[in-house]
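File shown here: upload_11.pdb, holding PDB, C-alpha atoms.
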ATOM      1  CA  MET A   1     105.254  71.459  91.630  1.00  0.00           C
ATOM      2  CA  LEU A   2     106.021  70.099  88.189  1.00  0.00           C
ATOM      3  CA  HIS A   3     105.313  73.463  86.581  1.00  0.00           C
ATOM      4  CA  ALA A   4     107.624  75.212  89.074  1.00  0.00           C
ATOM      5  CA  ARG A   5     110.374  72.673  88.402  1.00  0.00           C
ATOM      6  CA  ALA A   6     109.880  73.138  84.661  1.00  0.00           C
ATOM      7  CA  CYS A   7     110.286  76.871  85.242  1.00  0.00           C
ATOM      8  CA  ARG A   8     113.654  76.191  86.903  1.00  0.00           C
ATOM      9  CA  ALA A   9     114.738  73.952  84.031  1.00  0.00           C
ATOM     10  CA  HIS A  10     113.782  76.554  81.431  1.00  0.00           C
ATOM     11  CA  ALA A  11     115.610  79.233  83.414  1.00  0.00           C
ATOM     12  CA  HIS A  12     118.760  77.109  83.559  1.00  0.00           C
ATOM     13  CA  ALA A  13     118.460  76.686  79.790  1.00  0.00           C
ATOM     14  CA  GLY A  14     118.096  80.460  79.393  1.00  0.00           C
ATOM     15  CA  ASP A  15     114.589  80.320  77.932  1.00  0.00           C
ATOM     16  CA  ALA A  16     112.822  83.226  79.638  1.00  0.00           C
ATOM     17  CA  ARG A  17     109.533  82.862  77.746  1.00  0.00           C
ATOM     18  CA  ALA A  18     109.166  79.171  78.576  1.00  0.00           C
ATOM     19  CA  ALA A  19     110.172  79.862  82.192  1.00  0.00           C
ATOM     20  CA  ASP A  20     107.511  82.573  82.454  1.00  0.00           C
ATOM     21  CA  ARG A  21     104.866  80.272  80.999  1.00  0.00           C
ATOM     22  CA  SER A  22     105.782  77.561  83.500  1.00  0.00           C
ATOM     23  CA  ALA A  23     105.860  80.047  86.395  1.00  0.00           C
ATOM     24  CA  ASN A  24     102.382  81.275  85.491  1.00  0.00           C
ATOM     25  CA  ALA A  25     101.170  77.688  85.126  1.00  0.00           C
ATOM     26  CA  ALA A  26     102.594  76.830  88.568  1.00  0.00           C
ATOM     27  CA  LEU A  27     100.831  79.742  90.266  1.00  0.00           C
ATOM     28  CA  ASP A  28      97.607  79.068  88.363  1.00  0.00           C
ATOM     29  CA  ALA A  29      97.661  75.359  89.224  1.00  0.00           C
ATOM     30  CA  TYR A  30      98.266  76.168  92.876  1.00  0.00           C
ATOM     31  CA  GLU A  31      95.426  78.683  92.917  1.00  0.00           C
ATOM     32  CA  HIS A  32      93.017  76.117  91.500  1.00  0.00           C
ATOM     33  CA  ALA A  33      94.206  73.142  93.558  1.00  0.00           C
ATOM     34  CA  GLY A  34      92.176  71.570  96.295  1.00  0.00           C
ATOM     35  CA  PRO A  35      92.970  72.042  99.982  1.00  0.00           C
ATOM     36  CA  ILE A  36      96.486  71.296 101.213  1.00  0.00           C
ATOM     37  CA  GLU A  37      95.089  68.490 103.356  1.00  0.00           C
ATOM     38  CA  ASP A  38      94.194  66.617 100.154  1.00  0.00           C
ATOM     39  CA  ASP A  39      97.780  66.630  98.842  1.00  0.00           C
ATOM     40  CA  LEU A  40      99.709  63.403  98.579  1.00  0.00           C
ATOM     41  CA  PRO A  41     102.088  62.844 101.516  1.00  0.00           C
ATOM     42  CA  CYS A  42     105.105  62.931  99.172  1.00  0.00           C
ATOM     43  CA  VAL A  43     104.594  66.651  98.498  1.00  0.00           C
ATOM     44  CA  TYR A  44     104.293  67.668 102.160  1.00  0.00           C
ATOM     45  CA  TRP A  45     106.919  70.352 101.645  1.00  0.00           C
ATOM     46  CA  TYR A  46     105.410  72.029  98.585  1.00  0.00           C
ATOM     47  CA  ASN A  47     103.216  75.075  99.046  1.00  0.00           C
ATOM     48  CA  LEU A  48     102.732  78.530  97.549  1.00  0.00           C
ATOM     49  CA  GLY A  49     105.819  79.844  99.346  1.00  0.00           C
ATOM     50  CA  GLU A  50     107.962  77.097  97.811  1.00  0.00           C
ATOM     51  CA  ALA A  51     106.555  77.959  94.384  1.00  0.00           C
ATOM     52  CA  HIS A  52     107.615  81.581  94.875  1.00  0.00           C
ATOM     53  CA  GLN A  53     111.089  80.469  96.006  1.00  0.00           C
ATOM     54  CA  LEU A  54     111.504  78.384  92.846  1.00  0.00           C
ATOM     55  CA  ILE A  55     110.187  81.160  90.598  1.00  0.00           C
ATOM     56  CA  GLY A  56     112.472  83.658  92.344  1.00  0.00           C
ATOM     57  CA  SER A  57     115.441  81.375  91.774  1.00  0.00           C
ATOM     58  CA  SER A  58     114.471  81.126  88.122  1.00  0.00           C
ATOM     59  CA  ALA A  59     114.253  84.911  87.785  1.00  0.00           C
ATOM     60  CA  LEU A  60     117.713  85.191  89.326  1.00  0.00           C
ATOM     61  CA  ASN A  61     119.101  82.637  86.850  1.00  0.00           C
ATOM     62  CA  LEU A  62     117.583  84.649  84.031  1.00  0.00           C
ATOM     63  CA  GLY A  63     119.299  87.843  85.190  1.00  0.00           C
ATOM     64  CA  ASN A  64     116.226  89.522  86.653  1.00  0.00           C
ATOM     65  CA  PRO A  65     117.158  90.267  90.288  1.00  0.00           C
ATOM     66  CA  LYS A  66     114.261  92.697  90.795  1.00  0.00           C
ATOM     67  CA  ARG A  67     111.706  90.018  89.941  1.00  0.00           C
ATOM     68  CA  ALA A  68     113.657  87.503  92.032  1.00  0.00           C
ATOM     69  CA  VAL A  69     113.455  89.730  95.127  1.00  0.00           C
ATOM     70  CA  VAL A  70     109.696  90.128  94.667  1.00  0.00           C
ATOM     71  CA  HIS A  71     109.177  86.353  94.583  1.00  0.00           C
ATOM     72  CA  PHE A  72     111.612  85.597  97.414  1.00  0.00           C
ATOM     73  CA  LEU A  73     109.838  88.097  99.669  1.00  0.00           C
ATOM     74  CA  GLU A  74     106.413  86.883  98.557  1.00  0.00           C
ATOM     75  CA  ALA A  75     107.377  83.362  99.667  1.00  0.00           C
ATOM     76  CA  SER A  76     107.139  84.440 103.298  1.00  0.00           C
ATOM     77  CA  ALA A  77     104.357  86.991 102.874  1.00  0.00           C
ATOM     78  CA  VAL A  78     101.643  84.738 101.441  1.00  0.00           C
ATOM     79  CA  HIS A  79      98.311  84.943 103.196  1.00  0.00           C
ATOM     80  CA  THR A  80      98.215  81.855 105.400  1.00  0.00           C
ATOM     81  CA  ARG A  81     100.774  80.040 107.480  1.00  0.00           C
ATOM     82  CA  GLU A  82     100.174  76.835 105.526  1.00  0.00           C
ATOM     83  CA  GLU A  83     101.016  78.635 102.266  1.00  0.00           C
ATOM     84  CA  ALA A  84     104.128  80.494 103.484  1.00  0.00           C
ATOM     85  CA  TYR A  85     107.568  79.002 102.989  1.00  0.00           C
ATOM     86  CA  ASN A  86     108.504  77.285 106.264  1.00  0.00           C
ATOM     87  CA  GLY A  87     112.172  78.124 106.721  1.00  0.00           C
ATOM     88  CA  ASP A  88     112.207  76.780 110.276  1.00  0.00           C
ATOM     89  CA  ALA A  89     111.235  73.310 109.049  1.00  0.00           C
ATOM     90  CA  PHE A  90     113.758  73.388 106.186  1.00  0.00           C
ATOM     91  CA  PRO A  91     116.906  75.199 107.422  1.00  0.00           C
ATOM     92  CA  ARG A  92     119.108  74.049 104.534  1.00  0.00           C
ATOM     93  CA  GLY A  93     116.576  75.119 101.922  1.00  0.00           C
ATOM     94  CA  HIS A  94     115.988  78.389 103.738  1.00  0.00           C
ATOM     95  CA  ALA A  95     119.723  79.123 103.821  1.00  0.00           C
ATOM     96  CA  ILE A  96     119.945  78.440 100.090  1.00  0.00           C
ATOM     97  CA  TYR A  97     117.000  80.708  99.313  1.00  0.00           C
ATOM     98  CA  LEU A  98     118.401  83.426 101.584  1.00  0.00           C
ATOM     99  CA  ALA A  99     121.723  83.209  99.743  1.00  0.00           C
ATOM    100  CA  ARG A 100     119.843  83.626  96.467  1.00  0.00           C
ATOM    101  CA  LEU A 101     117.931  86.586  97.899  1.00  0.00           C
ATOM    102  CA  ALA A 102     121.264  88.106  98.944  1.00  0.00           C
ATOM    103  CA  GLU A 103     122.565  87.569  95.424  1.00  0.00           C
ATOM    104  CA  ALA A 104     119.467  89.296  94.011  1.00  0.00           C
ATOM    105  CA  HIS A 105     120.004  92.263  96.343  1.00  0.00           C
ATOM    106  CA  LEU A 106     123.601  92.386  95.183  1.00  0.00           C
ATOM    107  CA  GLY A 107     122.423  92.348  91.573  1.00  0.00           C
ATOM    108  CA  LEU A 108     120.285  95.386  92.340  1.00  0.00           C
ATOM    109  CA  GLY A 109     123.247  97.165  93.909  1.00  0.00           C
ATOM    110  CA  ASP A 110     121.805  97.007  97.435  1.00  0.00           C
ATOM    111  CA  VAL A 111     124.977  95.834  99.165  1.00  0.00           C
ATOM    112  CA  ASP A 112     123.644  96.474 102.677  1.00  0.00           C
ATOM    113  CA  ALA A 113     120.608  94.247 102.095  1.00  0.00           C
ATOM    114  CA  ALA A 114     122.840  91.647 100.442  1.00  0.00           C
ATOM    115  CA  VAL A 115     125.198  91.516 103.420  1.00  0.00           C
ATOM    116  CA  ALA A 116     122.372  91.435 105.993  1.00  0.00           C
ATOM    117  CA  THR A 117     120.660  88.618 104.109  1.00  0.00           C
ATOM    118  CA  ALA A 118     123.972  86.768 103.673  1.00  0.00           C
ATOM    119  CA  HIS A 119     124.427  86.867 107.468  1.00  0.00           C
ATOM    120  CA  ASP A 120     120.947  85.343 107.843  1.00  0.00           C
ATOM    121  CA  ALA A 121     121.833  82.615 105.339  1.00  0.00           C
ATOM    122  CA  VAL A 122     125.033  81.720 107.206  1.00  0.00           C
ATOM    123  CA  ASP A 123     123.151  81.670 110.515  1.00  0.00           C
ATOM    124  CA  ARG A 124     120.548  79.310 109.019  1.00  0.00           C
ATOM    125  CA  MET A 125     123.252  76.935 107.788  1.00  0.00           C
ATOM    126  CA  GLY A 126     124.783  76.729 111.253  1.00  0.00           C
ATOM    127  CA  GLY A 127     124.751  73.085 112.263  1.00  0.00           C
ATOM    128  CA  VAL A 128     123.417  71.844 108.917  1.00  0.00           C
ATOM    129  CA  THR A 129     125.709  69.670 106.838  1.00  0.00           C
ATOM    130  CA  SER A 130     124.912  70.097 103.167  1.00  0.00           C
ATOM    131  CA  ALA A 131     127.159  70.139 100.132  1.00  0.00           C
ATOM    132  CA  ARG A 132     124.532  72.045  98.154  1.00  0.00           C
ATOM    133  CA  GLY A 133     124.045  74.620 100.905  1.00  0.00           C
ATOM    134  CA  THR A 134     127.785  75.062 101.385  1.00  0.00           C
ATOM    135  CA  SER A 135     128.308  75.421  97.639  1.00  0.00           C
ATOM    136  CA  THR A 136     125.565  78.065  97.380  1.00  0.00           C
ATOM    137  CA  LEU A 137     127.071  80.057 100.238  1.00  0.00           C
ATOM    138  CA  GLU A 138     130.548  79.790  98.711  1.00  0.00           C
ATOM    139  CA  ASP A 139     129.210  81.120  95.406  1.00  0.00           C
ATOM    140  CA  LEU A 140     127.674  84.052  97.269  1.00  0.00           C
ATOM    141  CA  ARG A 141     130.944  84.719  99.106  1.00  0.00           C
ATOM    142  CA  LYS A 142     132.769  84.847  95.749  1.00  0.00           C
ATOM    143  CA  LYS A 143     130.283  87.369  94.384  1.00  0.00           C
ATOM    144  CA  LEU A 144     130.557  89.463  97.524  1.00  0.00           C
ATOM    145  CA  ALA A 145     134.369  89.241  97.446  1.00  0.00           C
ATOM    146  CA  ARG A 146     134.320  91.327  94.269  1.00  0.00           C
ATOM    147  CA  ARG A 147     133.163  94.167  96.532  1.00  0.00           C
ATOM    148  CA  ARG A 148     135.595  93.565  99.372  1.00  0.00           C
ATOM    149  CA  GLY A 149     136.429  97.307  99.324  1.00  0.00           C
ATOM    150  CA  ILE A 150     133.064  98.010 100.962  1.00  0.00           C
ATOM    151  CA  PRO A 151     133.533  97.791 104.762  1.00  0.00           C
ATOM    152  CA  ALA A 152     130.320  95.814 105.402  1.00  0.00           C
ATOM    153  CA  VAL A 153     131.348  93.245 102.798  1.00  0.00           C
ATOM    154  CA  ALA A 154     134.887  92.996 104.166  1.00  0.00           C
ATOM    155  CA  ASP A 155     133.485  92.500 107.681  1.00  0.00           C
ATOM    156  CA  PHE A 156     131.136  89.791 106.469  1.00  0.00           C
ATOM    157  CA  LEU A 157     133.903  87.972 104.616  1.00  0.00           C
ATOM    158  CA  ASP A 158     136.226  88.222 107.624  1.00  0.00           C
ATOM    159  CA  ASP A 159     133.480  87.023 109.991  1.00  0.00           C
ATOM    160  CA  THR A 160     132.595  84.033 107.837  1.00  0.00           C
ATOM    161  CA  ASP A 161     136.203  82.982 107.241  1.00  0.00           C
ATOM    162  CA  THR A 162     136.262  81.694 110.805  1.00  0.00           C
ATOM    163  CA  GLU A 163     132.931  79.859 110.701  1.00  0.00           C
TER     164      GLU A 163
END

Target encoding structure tokens, full file:
Amino acid sequence: MLHARACRAHAHAGDARAADRSANAALDAYEHAGPIEDDLPCVYWYNLGEAHQLIGSSALNLGNPKRAVVHFLEASAVHTREEAYNGDAFPRGHAIYLARLAEAHLGLGDVDAAVATAHDAVDRMGGVTSARGTSTLEDLRKKLARRRGIPAVADFLDDTDTE
């Protein structure tokens, strides 16, 4: 977890090489860790899926949306249920990661995937009060608003104005 958080910090600082080193260290440490059952109770939420979410967020911060999409999708596709990101247990976190995935799709020019994922993010935030989640979704709305001329984007923005 510390390596993945260091990756995020390096990404925020714009240091791609240090972020990559920390991302690799996070995945390596996870691969060589003991069973999940042996983890301390305070890290109940951390698993391989969470590591991929953090690394994907870092890639997005560093301007690499293609790499971000790979990690965001890998977060749910890992091999066991215990290792996959559990969005049902963490709806706020899942909404934030979905918003970041939507942003990555947008960065790749895939507006349809961005809008579909943005809808999922808004649905996940339904009923969850979170300043961080709301802020992330507002940032996504601003980025999508630059493409308001696309009907799917305009529909999304109109739909979410009332929510």

(message) Taking the file as I've supplied it (selection: the PyMOL selection byres ((chain A and resi 16-19) around 12)), which residues are included? Please answer as an MDAnalysis selection string.
(response) chainID A and resid 3:15 20:26 54:64

(request) Run the PyMOL selection byres ((chain A and resi 93) around 12) against the file shown and list the residues it catches, as a ChimeraX atom specification. (result) /A:45,50,53-54,57,85-92,94-100,121-122,124-125,128-134,136-137

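Here the PyMOL selection byres ((chain A and resi 156) around 9) catches exactly these residues: Val115, Ala116, Ala118, His119, Arg141, Leu144, Pro151, Ala152, Val153, Ala154, Asp155, Leu157, Asp158, Asp159, Thr160 and Asp161 of chain A.
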
(message) If I take CA of Glu31 (chain A) and CA of Glu83 (chain A), how far is one from the other in Å, to one decimal?
(response)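 Taking CA of Glu31 (chain A) as the start and CA of Glu83 (chain A) as the end point, the length is 10.9 Å.
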
(message) Could you list, as a PyMOL selection string, every residue within 9 Å of Tyr30 (chain A), counting only C-alpha atoms and ignoring same-chain residues fewer than 2 positions away?
(response) chain A and resi 1+25-28+32-34+47-48+51

(message) One number please: CA of Arg81 (chain A) to CA of Asp39 (chain A), in Å, one decimal.
(response)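 Answer for the CA of Arg81 (chain A) to CA of Asp39 (chain A) separation: 16.2 Å.
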
(request) Show which residues sit within 10 Å of Leu73 (chain A), as a list of chain:residue names. Count all atoms listed in the file, and ignore same-chain residues fewer than 2 positions away. (result) A:Gly49, A:His52, A:Gln53, A:Gly56, A:Ala68, A:Val69, A:Val70, A:His71, A:Ala75, A:Ser76, A:Ala77, A:Val78, A:Tyr85, A:Leu98, A:Leu101

Could you rebuild region 82-93 of chain A with all heavy atoms and give it back as a PDB file, in the frame of the given file?
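The result, written out as out37.pdb:
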ATOM      1  N   GLU A  82     100.005  78.070 106.286  1.00  0.00           N
ATOM      2  CA  GLU A  82     100.174  76.835 105.526  1.00  0.00           C
ATOM      3  C   GLU A  82     100.755  77.103 104.138  1.00  0.00           C
ATOM      4  O   GLU A  82     101.376  76.235 103.547  1.00  0.00           O
ATOM      5  CB  GLU A  82      98.840  76.089 105.384  1.00  0.00           C
ATOM      6  CG  GLU A  82      98.324  75.510 106.682  1.00  0.00           C
ATOM      7  CD  GLU A  82      97.611  76.564 107.544  1.00  0.00           C
ATOM      8  OE1 GLU A  82      97.164  77.600 107.010  1.00  0.00           O
ATOM      9  OE2 GLU A  82      97.532  76.353 108.766  1.00  0.00           O
ATOM     10  N   GLU A  83     100.536  78.309 103.600  1.00  0.00           N
ATOM     11  CA  GLU A  83     101.016  78.635 102.266  1.00  0.00           C
ATOM     12  C   GLU A  83     102.398  79.283 102.272  1.00  0.00           C
ATOM     13  O   GLU A  83     103.060  79.329 101.252  1.00  0.00           O
ATOM     14  CB  GLU A  83     100.023  79.571 101.561  1.00  0.00           C
ATOM     15  CG  GLU A  83      98.725  78.903 101.207  1.00  0.00           C
ATOM     16  CD  GLU A  83      97.753  79.862 100.549  1.00  0.00           C
ATOM     17  OE1 GLU A  83      97.866  81.083 100.746  1.00  0.00           O
ATOM     18  OE2 GLU A  83      96.871  79.380  99.831  1.00  0.00           O
ATOM     19  N   ALA A  84     102.834  79.809 103.408  1.00  0.00           N
ATOM     20  CA  ALA A  84     104.128  80.494 103.484  1.00  0.00           C
ATOM     21  C   ALA A  84     105.261  79.473 103.502  1.00  0.00           C
ATOM     22  O   ALA A  84     105.110  78.354 104.017  1.00  0.00           O
ATOM     23  CB  ALA A  84     104.198  81.366 104.732  1.00  0.00           C
ATOM     24  N   TYR A  85     106.399  79.868 102.945  1.00  0.00           N
ATOM     25  CA  TYR A  85     107.568  79.002 102.989  1.00  0.00           C
ATOM     26  C   TYR A  85     107.976  78.821 104.447  1.00  0.00           C
ATOM     27  O   TYR A  85     108.125  79.796 105.184  1.00  0.00           O
ATOM     28  CB  TYR A  85     108.718  79.608 102.178  1.00  0.00           C
ATOM     29  CG  TYR A  85     109.923  78.705 102.159  1.00  0.00           C
ATOM     30  CD1 TYR A  85     109.941  77.576 101.353  1.00  0.00           C
ATOM     31  CD2 TYR A  85     111.018  78.943 102.978  1.00  0.00           C
ATOM     32  CE1 TYR A  85     111.016  76.719 101.349  1.00  0.00           C
ATOM     33  CE2 TYR A  85     112.106  78.090 102.978  1.00  0.00           C
ATOM     34  CZ  TYR A  85     112.099  76.981 102.162  1.00  0.00           C
ATOM     35  OH  TYR A  85     113.171  76.133 102.180  1.00  0.00           O
ATOM     36  N   ASN A  86     108.188  77.588 104.874  1.00  0.00           N
ATOM     37  CA  ASN A  86     108.504  77.285 106.264  1.00  0.00           C
ATOM     38  C   ASN A  86     110.009  77.083 106.420  1.00  0.00           C
ATOM     39  O   ASN A  86     110.502  75.961 106.397  1.00  0.00           O
ATOM     40  CB  ASN A  86     107.730  76.044 106.716  1.00  0.00           C
ATOM     41  CG  ASN A  86     107.888  75.775 108.191  1.00  0.00           C
ATOM     42  OD1 ASN A  86     108.703  76.396 108.873  1.00  0.00           O
ATOM     43  ND2 ASN A  86     107.107  74.849 108.700  1.00  0.00           N
ATOM     44  N   GLY A  87     110.723  78.181 106.578  1.00  0.00           N
ATOM     45  CA  GLY A  87     112.172  78.124 106.721  1.00  0.00           C
ATOM     46  C   GLY A  87     112.628  77.419 107.977  1.00  0.00           C
ATOM     47  O   GLY A  87     113.701  76.807 107.994  1.00  0.00           O
ATOM     48  N   ASP A  88     111.816  77.459 109.035  1.00  0.00           N
ATOM     49  CA  ASP A  88     112.207  76.780 110.276  1.00  0.00           C
ATOM     50  C   ASP A  88     112.217  75.266 110.093  1.00  0.00           C
ATOM     51  O   ASP A  88     113.046  74.570 110.665  1.00  0.00           O
ATOM     52  CB  ASP A  88     111.260  77.160 111.416  1.00  0.00           C
ATOM     53  CG  ASP A  88     111.417  78.609 111.838  1.00  0.00           C
ATOM     54  OD1 ASP A  88     112.520  79.179 111.642  1.00  0.00           O
ATOM     55  OD2 ASP A  88     110.440  79.179 112.349  1.00  0.00           O
ATOM     56  N   ALA A  89     111.306  74.755 109.282  1.00  0.00           N
ATOM     57  CA  ALA A  89     111.235  73.310 109.049  1.00  0.00           C
ATOM     58  C   ALA A  89     112.312  72.836 108.075  1.00  0.00           C
ATOM     59  O   ALA A  89     112.688  71.664 108.090  1.00  0.00           O
ATOM     60  CB  ALA A  89     109.856  72.926 108.522  1.00  0.00           C
ATOM     61  N   PHE A  90     112.794  73.746 107.227  1.00  0.00           N
ATOM     62  CA  PHE A  90     113.758  73.388 106.186  1.00  0.00           C
ATOM     63  C   PHE A  90     114.955  74.331 106.236  1.00  0.00           C
ATOM     64  O   PHE A  90     115.134  75.166 105.338  1.00  0.00           O
ATOM     65  CB  PHE A  90     113.098  73.421 104.799  1.00  0.00           C
ATOM     66  CG  PHE A  90     111.816  72.633 104.738  1.00  0.00           C
ATOM     67  CD1 PHE A  90     110.588  73.277 104.672  1.00  0.00           C
ATOM     68  CD2 PHE A  90     111.838  71.250 104.779  1.00  0.00           C
ATOM     69  CE1 PHE A  90     109.410  72.550 104.624  1.00  0.00           C
ATOM     70  CE2 PHE A  90     110.673  70.518 104.730  1.00  0.00           C
ATOM     71  CZ  PHE A  90     109.441  71.156 104.654  1.00  0.00           C
ATOM     72  N   PRO A  91     115.816  74.228 107.263  1.00  0.00           N
ATOM     73  CA  PRO A  91     116.906  75.199 107.422  1.00  0.00           C
ATOM     74  C   PRO A  91     117.887  75.210 106.254  1.00  0.00           C
ATOM     75  O   PRO A  91     118.362  76.277 105.856  1.00  0.00           O
ATOM     76  CB  PRO A  91     117.582  74.793 108.724  1.00  0.00           C
ATOM     77  CG  PRO A  91     117.121  73.416 109.021  1.00  0.00           C
ATOM     78  CD  PRO A  91     115.804  73.239 108.341  1.00  0.00           C
ATOM     79  N   ARG A  92     118.185  74.071 105.672  1.00  0.00           N
ATOM     80  CA  ARG A  92     119.108  74.049 104.534  1.00  0.00           C
ATOM     81  C   ARG A  92     118.498  74.782 103.352  1.00  0.00           C
ATOM     82  O   ARG A  92     119.119  75.640 102.735  1.00  0.00           O
ATOM     83  CB  ARG A  92     119.459  72.626 104.124  1.00  0.00           C
ATOM     84  CG  ARG A  92     120.397  72.596 102.902  1.00  0.00           C
ATOM     85  CD  ARG A  92     120.400  71.239 102.252  1.00  0.00           C
ATOM     86  NE  ARG A  92     119.109  70.959 101.667  1.00  0.00           N
ATOM     87  CZ  ARG A  92     118.913  70.609 100.403  1.00  0.00           C
ATOM     88  NH1 ARG A  92     119.924  70.471  99.586  1.00  0.00           N
ATOM     89  NH2 ARG A  92     117.718  70.367  99.947  1.00  0.00           N
ATOM     90  N   GLY A  93     117.259  74.449 103.015  1.00  0.00           N
ATOM     91  CA  GLY A  93     116.576  75.119 101.922  1.00  0.00           C
ATOM     92  C   GLY A  93     116.441  76.610 102.174  1.00  0.00           C
ATOM     93  O   GLY A  93     116.642  77.426 101.267  1.00  0.00           O
TER      94      GLY A  93
END
